[in-house]
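The next block is entry25.cif, given as mmCIF, C-alpha atoms and all ligand atoms.
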data_start
#
loop_
_atom_site.label_atom_id
_atom_site.label_comp_id
_atom_site.auth_asym_id
_atom_site.auth_seq_id
_atom_site.Cartn_x
_atom_site.Cartn_y
_atom_site.Cartn_z
CA MET A 54 -33.68 16.80 -13.89
CA ALA A 55 -34.33 13.37 -15.47
CA ALA A 56 -32.75 14.62 -18.72
CA MET A 57 -29.68 15.82 -16.79
CA LYS A 58 -29.34 12.41 -15.14
CA LYS A 59 -29.55 10.66 -18.53
CA ILE A 60 -26.85 12.93 -19.98
CA LEU A 61 -24.64 12.32 -16.94
CA VAL A 62 -25.08 8.53 -17.13
CA ALA A 63 -24.40 8.57 -20.90
CA ALA A 64 -21.25 10.65 -20.31
CA VAL A 65 -20.01 8.27 -17.62
CA VAL A 66 -20.71 5.20 -19.81
CA ALA A 67 -18.91 6.85 -22.76
CA ALA A 68 -15.94 7.73 -20.56
CA VAL A 69 -15.69 4.17 -19.16
CA ALA A 70 -16.00 2.69 -22.69
CA ALA A 71 -13.33 5.07 -23.98
CA PHE A 72 -11.07 4.16 -21.05
CA ILE A 73 -11.54 0.40 -21.60
CA GLY A 74 -10.96 0.87 -25.35
CA HIS A 75 -7.81 2.82 -24.62
CA ARG A 76 -6.53 0.15 -22.21
CA PHE A 77 -7.21 -2.61 -24.78
CA LEU A 78 -5.18 -0.69 -27.34
CA LYS A 79 -2.46 -0.32 -24.72
CA LEU A 80 -2.60 -4.06 -24.02
CA LYS A 81 -2.17 -4.78 -27.75
CA GLU A 82 0.80 -2.44 -27.73
CA ILE A 83 2.34 -4.07 -24.63
CA SER A 84 1.90 -7.57 -26.07
CA LEU A 85 3.40 -6.48 -29.43
CA ALA A 86 0.23 -7.91 -31.01
CA SER A 87 0.97 -6.72 -34.56
CA ARG A 88 4.68 -7.59 -34.59
CA GLU A 89 5.94 -10.10 -37.18
CA VAL A 90 9.64 -11.05 -37.21
CA PRO A 91 11.43 -12.11 -40.40
CA VAL A 92 13.07 -15.52 -39.98
CA LYS A 93 16.77 -15.46 -39.06
CA HIS A 94 18.03 -18.99 -38.60
CA LEU A 95 21.26 -20.56 -37.38
CA ASN A 96 22.57 -24.07 -37.98
CA CYS A 97 20.42 -25.86 -35.34
CA HIS A 98 19.03 -29.28 -34.49
CA TYR A 99 16.35 -30.35 -32.04
CA ILE A 100 17.60 -31.56 -28.67
CA LYS A 101 16.60 -35.19 -28.15
CA ASN A 102 14.00 -36.01 -25.46
CA ILE A 103 12.74 -32.44 -25.09
CA GLU A 104 9.19 -32.36 -26.49
CA TYR A 105 7.23 -30.32 -23.93
CA GLY A 106 9.37 -27.29 -23.32
CA ALA A 107 12.56 -26.38 -21.49
CA GLU A 108 11.43 -23.10 -19.94
CA ASP A 109 14.78 -22.42 -18.33
CA ILE A 110 18.33 -23.62 -19.00
CA THR A 111 21.59 -22.75 -17.29
CA ILE A 112 25.12 -23.89 -18.14
CA LEU A 113 27.99 -24.18 -15.66
CA ARG A 114 31.48 -23.01 -16.56
CA ASP A 115 32.57 -26.65 -17.00
CA GLY A 116 29.91 -27.22 -19.69
CA LEU A 117 27.18 -29.00 -17.70
CA ALA A 118 23.77 -27.70 -18.78
CA PHE A 119 20.70 -28.06 -16.54
CA LEU A 120 17.26 -27.94 -18.16
CA SER A 121 13.91 -27.42 -16.46
CA THR A 122 11.29 -29.17 -18.62
CA GLY A 123 7.56 -29.75 -18.88
CA SER A 124 6.36 -26.66 -16.96
CA HIS A 125 2.65 -25.99 -16.86
CA CYS A 126 2.13 -22.23 -16.96
CA PRO A 127 -1.39 -20.88 -16.33
CA GLY A 128 -2.75 -19.06 -19.40
CA LEU A 129 -0.38 -20.86 -21.80
CA PRO A 130 -0.90 -24.15 -23.61
CA TRP A 131 0.73 -27.42 -22.57
CA PHE A 132 0.69 -30.73 -24.35
CA SER A 133 1.52 -33.25 -21.66
CA ASP A 134 -0.07 -33.91 -18.28
CA GLU A 135 3.10 -35.57 -17.02
CA PRO A 136 4.85 -33.81 -14.13
CA GLY A 137 7.93 -31.75 -15.02
CA LYS A 138 11.43 -33.17 -15.05
CA MET A 139 15.00 -31.93 -14.75
CA TYR A 140 17.62 -32.87 -17.34
CA ILE A 141 21.38 -32.55 -17.57
CA MET A 142 23.48 -32.33 -20.72
CA ASP A 143 27.25 -32.21 -21.15
CA MET A 144 28.08 -29.50 -23.68
CA LEU A 145 31.65 -30.83 -24.01
CA HIS A 146 30.40 -34.18 -25.32
CA PRO A 147 30.75 -34.44 -29.13
CA LYS A 148 26.98 -35.12 -29.36
CA PRO A 149 25.38 -33.51 -26.29
CA THR A 150 22.24 -35.44 -25.28
CA PRO A 151 20.07 -34.63 -22.27
CA VAL A 152 19.70 -37.24 -19.55
CA GLU A 153 16.92 -37.11 -16.96
CA LEU A 154 18.15 -36.33 -13.47
CA GLN A 155 16.99 -38.64 -10.72
CA ILE A 156 15.58 -36.73 -7.76
CA LYS A 157 16.16 -38.23 -4.32
CA GLY A 158 14.63 -37.10 -1.04
CA GLU A 159 11.23 -36.03 0.24
CA LEU A 160 9.98 -33.99 -2.72
CA ASP A 161 6.58 -34.98 -4.19
CA LEU A 162 7.49 -35.75 -7.81
CA SER A 163 3.88 -36.29 -8.95
CA SER A 164 3.19 -32.55 -8.62
CA PHE A 165 6.67 -31.33 -9.60
CA ASN A 166 6.23 -28.30 -11.89
CA PRO A 167 9.68 -26.76 -12.39
CA HIS A 168 10.03 -23.23 -13.76
CA GLY A 169 13.02 -20.86 -13.32
CA ILE A 170 16.37 -22.36 -12.30
CA SER A 171 19.76 -21.18 -11.06
CA ALA A 172 22.95 -23.03 -10.18
CA TYR A 173 25.28 -22.06 -7.35
CA ILE A 174 28.81 -23.34 -6.81
CA ASP A 175 30.09 -23.22 -3.25
CA GLU A 176 33.70 -22.14 -3.68
CA ALA A 177 34.66 -23.71 -0.33
CA ASP A 178 34.34 -27.25 -1.74
CA ASP A 179 33.09 -26.84 -5.35
CA SER A 180 29.70 -28.34 -4.43
CA VAL A 181 26.98 -27.59 -6.98
CA TYR A 182 23.54 -26.54 -5.74
CA LEU A 183 20.58 -26.26 -8.07
CA PHE A 184 17.75 -23.89 -7.14
CA VAL A 185 14.43 -24.59 -8.86
CA VAL A 186 11.18 -22.61 -8.77
CA ASN A 187 8.37 -25.15 -8.35
CA HIS A 188 4.61 -24.65 -8.73
CA PRO A 189 2.84 -27.71 -7.29
CA GLN A 190 -0.93 -27.04 -7.43
CA HIS A 191 0.00 -23.59 -8.84
CA LYS A 192 1.63 -22.56 -5.55
CA SER A 193 5.09 -20.97 -5.56
CA GLN A 194 8.06 -22.43 -3.76
CA VAL A 195 11.79 -22.77 -4.25
CA GLU A 196 13.49 -26.17 -4.07
CA ILE A 197 17.19 -26.42 -3.26
CA PHE A 198 19.00 -29.52 -4.53
CA HIS A 199 22.54 -30.75 -4.15
CA PHE A 200 23.92 -32.06 -7.44
CA VAL A 201 25.93 -34.99 -6.11
CA GLU A 202 27.02 -37.07 -9.04
CA GLU A 203 26.43 -37.54 -12.72
CA LYS A 204 22.66 -37.97 -12.72
CA ILE A 205 21.41 -37.35 -9.18
CA LEU A 206 19.84 -34.37 -7.46
CA VAL A 207 19.37 -34.70 -3.71
CA HIS A 208 16.51 -32.56 -2.46
CA LEU A 209 17.68 -30.52 0.54
CA LYS A 210 14.98 -28.00 1.26
CA THR A 211 11.67 -26.41 0.18
CA ILE A 212 11.39 -22.67 0.78
CA THR A 213 8.05 -20.89 1.01
CA HIS A 214 7.34 -17.34 2.16
CA PRO A 215 4.43 -14.88 1.74
CA LEU A 216 6.72 -12.53 -0.24
CA LEU A 217 7.53 -15.41 -2.62
CA HIS A 218 3.95 -15.58 -3.93
CA SER A 219 4.30 -15.63 -7.75
CA VAL A 220 7.91 -16.60 -8.31
CA ASN A 221 9.11 -16.83 -11.88
CA ASP A 222 12.90 -17.07 -11.69
CA ILE A 223 15.68 -16.95 -9.14
CA VAL A 224 19.37 -16.31 -8.98
CA ALA A 225 21.26 -18.03 -6.19
CA VAL A 226 23.86 -15.94 -4.32
CA GLY A 227 24.69 -18.39 -1.52
CA VAL A 228 24.01 -21.99 -0.54
CA GLU A 229 20.66 -20.92 0.92
CA SER A 230 20.17 -17.39 -0.36
CA PHE A 231 18.81 -15.97 -3.60
CA TYR A 232 16.98 -13.17 -5.36
CA ALA A 233 13.60 -14.09 -6.84
CA THR A 234 11.29 -12.29 -9.28
CA ASN A 235 7.52 -12.17 -8.79
CA HIS A 236 5.80 -12.00 -12.17
CA GLN A 237 2.52 -10.72 -10.75
CA TYR A 238 1.41 -8.63 -7.82
CA PHE A 239 -1.71 -10.58 -6.89
CA ALA A 240 -1.94 -14.36 -6.60
CA ASN A 241 -5.44 -13.99 -8.14
CA ASP A 242 -5.33 -14.09 -11.98
CA VAL A 243 -8.31 -11.74 -12.51
CA LEU A 244 -6.89 -9.04 -10.23
CA ASN A 245 -3.54 -9.53 -11.91
CA PHE A 246 -5.11 -9.03 -15.35
CA VAL A 247 -6.54 -5.72 -14.09
CA THR A 248 -3.08 -4.54 -12.95
CA VAL A 249 -1.66 -5.42 -16.41
CA MET A 250 -4.60 -3.63 -18.12
CA LEU A 251 -3.99 -0.55 -16.02
CA GLY A 252 -0.24 -0.78 -16.56
CA LEU A 253 0.54 -0.76 -12.82
CA PRO A 254 4.26 -1.40 -12.20
CA TRP A 255 3.76 -3.29 -8.95
CA CYS A 256 5.97 -6.36 -9.41
CA ASP A 257 9.09 -6.84 -7.33
CA VAL A 258 12.33 -8.68 -6.71
CA VAL A 259 12.66 -10.38 -3.32
CA TYR A 260 15.87 -11.22 -1.48
CA TYR A 261 15.76 -14.41 0.55
CA SER A 262 18.19 -15.74 3.13
CA PRO A 263 17.42 -17.89 6.18
CA LYS A 264 17.92 -14.75 8.33
CA GLU A 265 16.07 -12.19 6.25
CA VAL A 266 13.43 -11.95 3.53
CA ARG A 267 12.50 -8.63 1.97
CA VAL A 268 11.72 -6.70 -1.20
CA ALA A 269 15.03 -5.70 -2.78
CA ALA A 270 13.63 -3.83 -5.81
CA ASP A 271 10.19 -2.96 -7.13
CA GLY A 272 8.39 -0.93 -9.78
CA LEU A 273 8.30 -3.60 -12.51
CA LEU A 274 5.31 -4.25 -14.80
CA ALA A 275 6.03 -8.01 -14.79
CA ALA A 276 9.36 -9.37 -13.57
CA ASN A 277 10.50 -12.56 -15.30
CA GLY A 278 14.11 -13.75 -15.75
CA ILE A 279 16.87 -12.77 -13.33
CA ASN A 280 20.62 -13.36 -13.42
CA ILE A 281 23.95 -12.05 -12.19
CA SER A 282 27.11 -10.62 -13.79
CA PRO A 283 30.23 -12.85 -13.85
CA ASP A 284 31.87 -10.62 -11.18
CA LYS A 285 28.64 -10.93 -9.09
CA ARG A 286 28.33 -7.14 -8.66
CA TYR A 287 25.26 -6.63 -10.83
CA ILE A 288 21.82 -8.20 -11.12
CA TYR A 289 19.85 -8.21 -14.37
CA VAL A 290 16.05 -8.50 -14.42
CA SER A 291 13.75 -8.85 -17.43
CA ASP A 292 10.66 -6.64 -17.16
CA ILE A 293 8.86 -8.66 -19.82
CA MET A 294 5.85 -6.34 -20.21
CA GLY A 295 8.06 -3.23 -20.22
CA HIS A 296 10.29 -4.76 -22.97
CA LEU A 297 13.26 -3.85 -20.78
CA ILE A 298 16.27 -5.39 -19.11
CA ASP A 299 16.83 -3.62 -15.80
CA VAL A 300 20.36 -3.41 -14.42
CA TYR A 301 20.88 -3.19 -10.64
CA GLU A 302 23.95 -2.87 -8.49
CA ARG A 303 24.10 -5.04 -5.37
CA LYS A 304 24.48 -2.79 -2.36
CA GLU A 305 25.19 -3.24 1.32
CA GLY A 306 22.58 -5.50 2.93
CA GLU A 307 21.65 -7.03 -0.46
CA GLN A 308 19.55 -4.03 -1.50
CA LEU A 309 19.42 -3.50 -5.26
CA MET A 310 20.09 -0.06 -6.69
CA HIS A 311 18.60 0.54 -10.15
CA LEU A 312 21.29 1.75 -12.56
CA LYS A 313 19.60 1.66 -15.96
CA SER A 314 17.07 -0.04 -18.20
CA VAL A 315 17.94 -1.28 -21.67
CA ALA A 316 15.13 -1.45 -24.25
CA VAL A 317 14.99 -4.74 -26.15
CA GLY A 318 11.80 -4.33 -28.24
CA SER A 319 10.59 -7.85 -27.49
CA LEU A 320 8.96 -9.76 -24.60
CA CYS A 321 12.09 -11.26 -23.10
CA VAL A 322 11.77 -14.13 -20.67
CA ASN A 323 14.86 -15.68 -19.11
CA ILE A 324 18.37 -14.23 -18.96
CA GLU A 325 21.63 -16.11 -19.32
CA VAL A 326 25.04 -14.45 -19.03
CA ASP A 327 28.12 -15.55 -20.99
CA HIS A 328 30.68 -16.48 -18.32
CA LYS A 329 33.58 -15.16 -20.40
CA THR A 330 32.29 -12.02 -22.14
CA GLY A 331 29.49 -10.96 -19.77
CA ASP A 332 27.13 -10.70 -22.77
CA ILE A 333 23.45 -11.01 -21.90
CA TRP A 334 21.45 -13.65 -23.82
CA LEU A 335 17.67 -13.51 -23.87
CA GLY A 336 14.98 -15.95 -25.02
CA CYS A 337 12.03 -13.79 -26.06
CA HIS A 338 8.46 -13.86 -27.38
CA PRO A 339 8.31 -11.59 -30.44
CA ASN A 340 4.50 -11.39 -30.20
CA GLY A 341 2.82 -12.04 -26.86
CA MET A 342 -0.71 -11.99 -28.28
CA LYS A 343 0.04 -14.96 -30.55
CA LEU A 344 1.37 -16.82 -27.52
CA SER A 345 -1.66 -16.25 -25.30
CA MET A 346 -4.23 -16.77 -28.14
CA PHE A 347 -2.39 -19.93 -29.25
CA ASP A 348 -3.38 -21.02 -32.77
CA PRO A 349 -1.29 -23.83 -34.32
CA LYS A 350 -2.07 -22.44 -37.81
CA ASN A 351 -0.56 -19.08 -36.86
CA PRO A 352 1.93 -20.17 -34.20
CA PRO A 353 3.80 -17.90 -31.79
CA GLY A 354 7.36 -17.27 -32.91
CA SER A 355 10.73 -17.21 -31.17
CA GLU A 356 13.49 -14.65 -30.89
CA VAL A 357 16.94 -14.60 -29.30
CA ILE A 358 18.44 -11.24 -28.39
CA ARG A 359 21.95 -10.49 -27.18
CA ILE A 360 23.15 -7.39 -25.31
CA LYS A 361 26.85 -6.59 -25.48
CA ASN A 362 28.60 -4.04 -23.24
CA ILE A 363 25.53 -3.57 -21.08
CA HIS A 364 27.46 -1.46 -18.55
CA SER A 365 28.83 0.96 -21.14
CA ASN A 366 27.06 4.12 -22.32
CA GLN A 367 26.10 2.34 -25.52
CA PRO A 368 24.97 -1.23 -24.99
CA VAL A 369 24.58 -3.09 -28.29
CA VAL A 370 21.26 -4.94 -28.64
CA SER A 371 21.19 -7.44 -31.51
CA GLN A 372 18.83 -10.12 -32.76
CA GLU A 373 20.72 -13.42 -33.08
CA TYR A 374 17.93 -15.82 -34.04
CA ALA A 375 14.30 -15.50 -35.09
CA ASP A 376 11.67 -18.00 -36.15
CA ASN A 377 7.99 -17.68 -37.08
CA GLY A 378 7.00 -20.64 -34.90
CA HIS A 379 7.41 -23.30 -37.60
CA VAL A 380 10.70 -24.51 -36.09
CA ILE A 381 10.29 -23.48 -32.45
CA MET A 382 7.37 -21.78 -30.70
CA GLY A 383 7.54 -19.56 -27.64
CA SER A 384 11.28 -19.37 -26.93
CA SER A 385 12.00 -18.56 -23.30
CA VAL A 386 15.76 -18.97 -22.85
CA ALA A 387 19.00 -18.80 -24.85
CA ALA A 388 22.11 -20.21 -23.19
CA PRO A 389 25.53 -19.82 -24.87
CA TYR A 390 28.52 -22.09 -24.37
CA GLU A 391 31.75 -22.12 -26.39
CA GLY A 392 30.29 -21.55 -29.86
CA LYS A 393 27.01 -23.37 -29.13
CA LEU A 394 23.65 -21.89 -28.25
CA LEU A 395 20.81 -23.77 -26.54
CA ILE A 396 17.33 -22.35 -27.15
CA GLY A 397 14.53 -23.53 -24.87
CA SER A 398 10.79 -22.86 -25.07
CA VAL A 399 7.84 -22.71 -22.70
CA PHE A 400 5.87 -25.70 -24.03
CA HIS A 401 7.51 -26.77 -27.30
CA LYS A 402 10.92 -28.18 -28.23
CA ALA A 403 14.50 -27.06 -27.63
CA LEU A 404 17.32 -26.41 -30.09
CA CYS A 405 21.10 -26.76 -30.05
CA CYS A 406 22.65 -24.30 -32.52
CA ASP A 407 26.13 -23.54 -33.78
CA PHE A 408 27.08 -20.02 -33.04
CA LYS A 409 30.30 -18.43 -34.12
CA CA B 1 17.01 -18.70 -14.56
CA CA B 2 11.00 -17.27 -16.63
#
Give the structure from the file, written as structure tokens.
Amino acid sequence: MAAMKKILVAAVVAAVAAFIGHRFLKLKEISLASREVPVKHLNCHYIKNIEYGAEDITILRDGLAFLSTGSHCPGLPWFSDEPGKMYIMDMLHPKPTPVELQIKGELDLSSFNPHGISAYIDEADDSVYLFVVNHPQHKSQVEIFHFVEEKILVHLKTITHPLLHSVNDIVAVGVESFYATNHQYFANDVLNFVTVMLGLPWCDVVYYSPKEVRVAADGLLAANGINISPDKRYIYVSDIMGHLIDVYERKEGEQLMHLKSVAVGSLCVNIEVDHKTGDIWLGCHPNGMKLSMFDPKNPPGSEVIRIKNIHSNQPVVSQEYADNGHVIMGSSVAAPYEGKLLIGSVFHKALCCDFK
């Protein structure tokens, strides 16, 4: 009997060890741990004043670029204890230079930790609203600002909700309504690590309006960037751990219907959409393991991917820029504007490149 018990225990231990080993291999696969990208550079220069990351960038049709800088992301390095800041940059200026936006209103700036951003233009009066994901004390909330003049953001509102628990990015669809991605299922990091290890696709996209808040789409491994097509009919979401861009159609009642997923072969973070062509631009991490195990001697690289004709039967996925981390580490966004491309990163610098 004792011998039977020992055999049983040994079998269970072996099975658990094999399972854990298998999941670790899977994790290495998900994080593209052995991927190296050959360098593919463009004619770029560093953007002045941006030393501690511009995690997200968005550019209005008239050429005004908003940059969310100095984010502190749990699990990733950061090199400044200063609170985050918002910058603006005019892409039509012969030498675009970012200027810090002054924030007016009730918001606590000492704990400001801006992450994903989205701009909304109210067609009734052309007012510009800037929506910013903020993580003070690692909480998740969405700040709505009114961009009133050249350098001023007036804080209008802070939005919190239990469904908005781990917000990464947002896309505004009204003056007070948006879709938001949750990049993890649990607020607790250990439990979240377990869901990633087990490959549980439990992340979701939430629709928020003052009247209604609900899950609009789910089934993602880890939802990161989100954006909208120029005609506003489709929503694009980056499932960073699935190496996919998911395409949804907006349906009655702001439900999202999944149409397709496009494989990108990289860990893509934020999504920007070319206003004119509808092309999708992605700032990606070519190797997630190098990012999380940060070693300055073997730095995490950067990669920019573009998807053309995403709604056709044959979307074209192309790599437009790649670096081994010696120019820019941990790219998270690529925003195109009239032959220029801005590349932002989670905790490092930002680039302005010529792109023909
Ligand atoms: Ca964004
Ligand atoms: Ca993001």
Kindly compile the residues surrounding ligand CA 2 (chain B) within 9 Å, counting all atoms listed in the file, and format them as a PDB file with C-alpha atoms, in the frame of the given file.
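Final output, saved to pocket16.pdb:
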ATOM      1  CA  GLU A 108      11.430 -23.100 -19.940  1.00  0.00           C
ATOM      2  CA  ASP A 109      14.780 -22.420 -18.330  1.00  0.00           C
ATOM      3  CA  HIS A 168      10.030 -23.230 -13.760  1.00  0.00           C
ATOM      4  CA  GLY A 169      13.020 -20.860 -13.320  1.00  0.00           C
ATOM      5  CA  ILE A 170      16.370 -22.360 -12.300  1.00  0.00           C
ATOM      6  CA  VAL A 220       7.910 -16.600  -8.310  1.00  0.00           C
ATOM      7  CA  ASN A 221       9.110 -16.830 -11.880  1.00  0.00           C
ATOM      8  CA  ASP A 222      12.900 -17.070 -11.690  1.00  0.00           C
ATOM      9  CA  ILE A 223      15.680 -16.950  -9.140  1.00  0.00           C
ATOM     10  CA  THR A 234      11.290 -12.290  -9.280  1.00  0.00           C
ATOM     11  CA  HIS A 236       5.800 -12.000 -12.170  1.00  0.00           C
ATOM     12  CA  ALA A 276       9.360  -9.370 -13.570  1.00  0.00           C
ATOM     13  CA  ASN A 277      10.500 -12.560 -15.300  1.00  0.00           C
ATOM     14  CA  GLY A 278      14.110 -13.750 -15.750  1.00  0.00           C
ATOM     15  CA  ILE A 279      16.870 -12.770 -13.330  1.00  0.00           C
ATOM     16  CA  SER A 291      13.750  -8.850 -17.430  1.00  0.00           C
ATOM     17  CA  CYS A 321      12.090 -11.260 -23.100  1.00  0.00           C
ATOM     18  CA  VAL A 322      11.770 -14.130 -20.670  1.00  0.00           C
ATOM     19  CA  ASN A 323      14.860 -15.680 -19.110  1.00  0.00           C
ATOM     20  CA  ILE A 324      18.370 -14.230 -18.960  1.00  0.00           C
ATOM     21  CA  SER A 385      12.000 -18.560 -23.300  1.00  0.00           C
ATOM     22  CA  VAL A 386      15.760 -18.970 -22.850  1.00  0.00           C
ATOM     23  CA  VAL A 399       7.840 -22.710 -22.700  1.00  0.00           C
TER      24      VAL A 399
END
*asked:* Please list, as a PyMOL selection string, the residues that have an atom at most 9 Å away from (2.5, -32.9, -17.9) in the coordinates of this file, counting all atoms listed in the file.
replied: chain A and resi 105+123-125+131-137+166
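Between ligand CA 1 (chain B) and the residues A:Thr150, A:Ser314, A:Gln308, A:Ser171, the shortest atom-to-atom distance, using only C-alpha atoms and all ligand atoms, involves A:Ser171.
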Correct to one decimal, the distance atom CA of Glu89 of chain A-atom CA of His379 of chain A is 13.3 Å
For ligand CA 1 (chain B), the closest of A:Pro167, A:Gly378, A:Pro215, A:Pro339 counting all atoms listed in the file is A:Pro167
Would you save segment 282-301 of chain A to a file, keeping N, CA and C atoms, as a short mmCIF file (atom, residue, chain, number, x, y, z; two decimals), in the first residue's frame?
data_model
loop_
_atom_site.label_atom_id
_atom_site.label_comp_id
_atom_site.auth_asym_id
_atom_site.auth_seq_id
_atom_site.Cartn_x
_atom_site.Cartn_y
_atom_site.Cartn_z
N SER A 282 -11.47 52.91 -37.21
CA SER A 282 -11.24 53.19 -38.63
C SER A 282 -11.66 54.63 -38.95
N PRO A 283 -11.10 55.22 -40.02
CA PRO A 283 -11.46 56.61 -40.35
C PRO A 283 -12.97 56.81 -40.52
N ASP A 284 -13.69 55.79 -41.04
CA ASP A 284 -15.15 55.94 -41.21
C ASP A 284 -15.91 55.59 -39.92
N LYS A 285 -15.19 55.25 -38.86
CA LYS A 285 -15.72 54.96 -37.52
C LYS A 285 -16.60 53.70 -37.43
N ARG A 286 -16.53 52.86 -38.48
CA ARG A 286 -17.35 51.63 -38.45
C ARG A 286 -16.68 50.48 -37.74
N TYR A 287 -15.34 50.50 -37.72
CA TYR A 287 -14.60 49.34 -37.20
C TYR A 287 -13.69 49.74 -36.04
N ILE A 288 -13.50 48.77 -35.15
CA ILE A 288 -12.59 48.96 -34.02
C ILE A 288 -11.47 47.92 -34.15
N TYR A 289 -10.25 48.37 -33.91
CA TYR A 289 -9.09 47.48 -33.97
C TYR A 289 -8.50 47.34 -32.57
N VAL A 290 -8.19 46.12 -32.17
CA VAL A 290 -7.62 45.87 -30.84
C VAL A 290 -6.38 45.01 -31.00
N SER A 291 -5.30 45.39 -30.29
CA SER A 291 -4.10 44.56 -30.31
C SER A 291 -4.17 43.56 -29.16
N ASP A 292 -4.20 42.26 -29.52
CA ASP A 292 -4.06 41.20 -28.51
C ASP A 292 -2.57 40.90 -28.46
N ILE A 293 -1.87 41.61 -27.57
CA ILE A 293 -0.40 41.61 -27.59
C ILE A 293 0.18 40.22 -27.39
N MET A 294 -0.40 39.44 -26.48
CA MET A 294 0.14 38.09 -26.21
C MET A 294 -0.26 37.09 -27.30
N GLY A 295 -1.33 37.39 -28.02
CA GLY A 295 -1.75 36.51 -29.12
C GLY A 295 -1.05 36.86 -30.43
N HIS A 296 -0.27 37.97 -30.45
CA HIS A 296 0.42 38.46 -31.65
C HIS A 296 -0.60 38.73 -32.77
N LEU A 297 -1.73 39.28 -32.37
CA LEU A 297 -2.84 39.48 -33.32
C LEU A 297 -3.38 40.90 -33.24
N ILE A 298 -3.91 41.35 -34.39
CA ILE A 298 -4.77 42.54 -34.38
C ILE A 298 -6.18 42.04 -34.68
N ASP A 299 -7.08 42.28 -33.74
CA ASP A 299 -8.47 41.84 -33.91
C ASP A 299 -9.28 42.98 -34.52
N VAL A 300 -10.12 42.62 -35.49
CA VAL A 300 -10.96 43.60 -36.16
C VAL A 300 -12.41 43.35 -35.76
N TYR A 301 -13.09 44.40 -35.29
CA TYR A 301 -14.49 44.29 -34.87
C TYR A 301 -15.34 45.29 -35.64
#
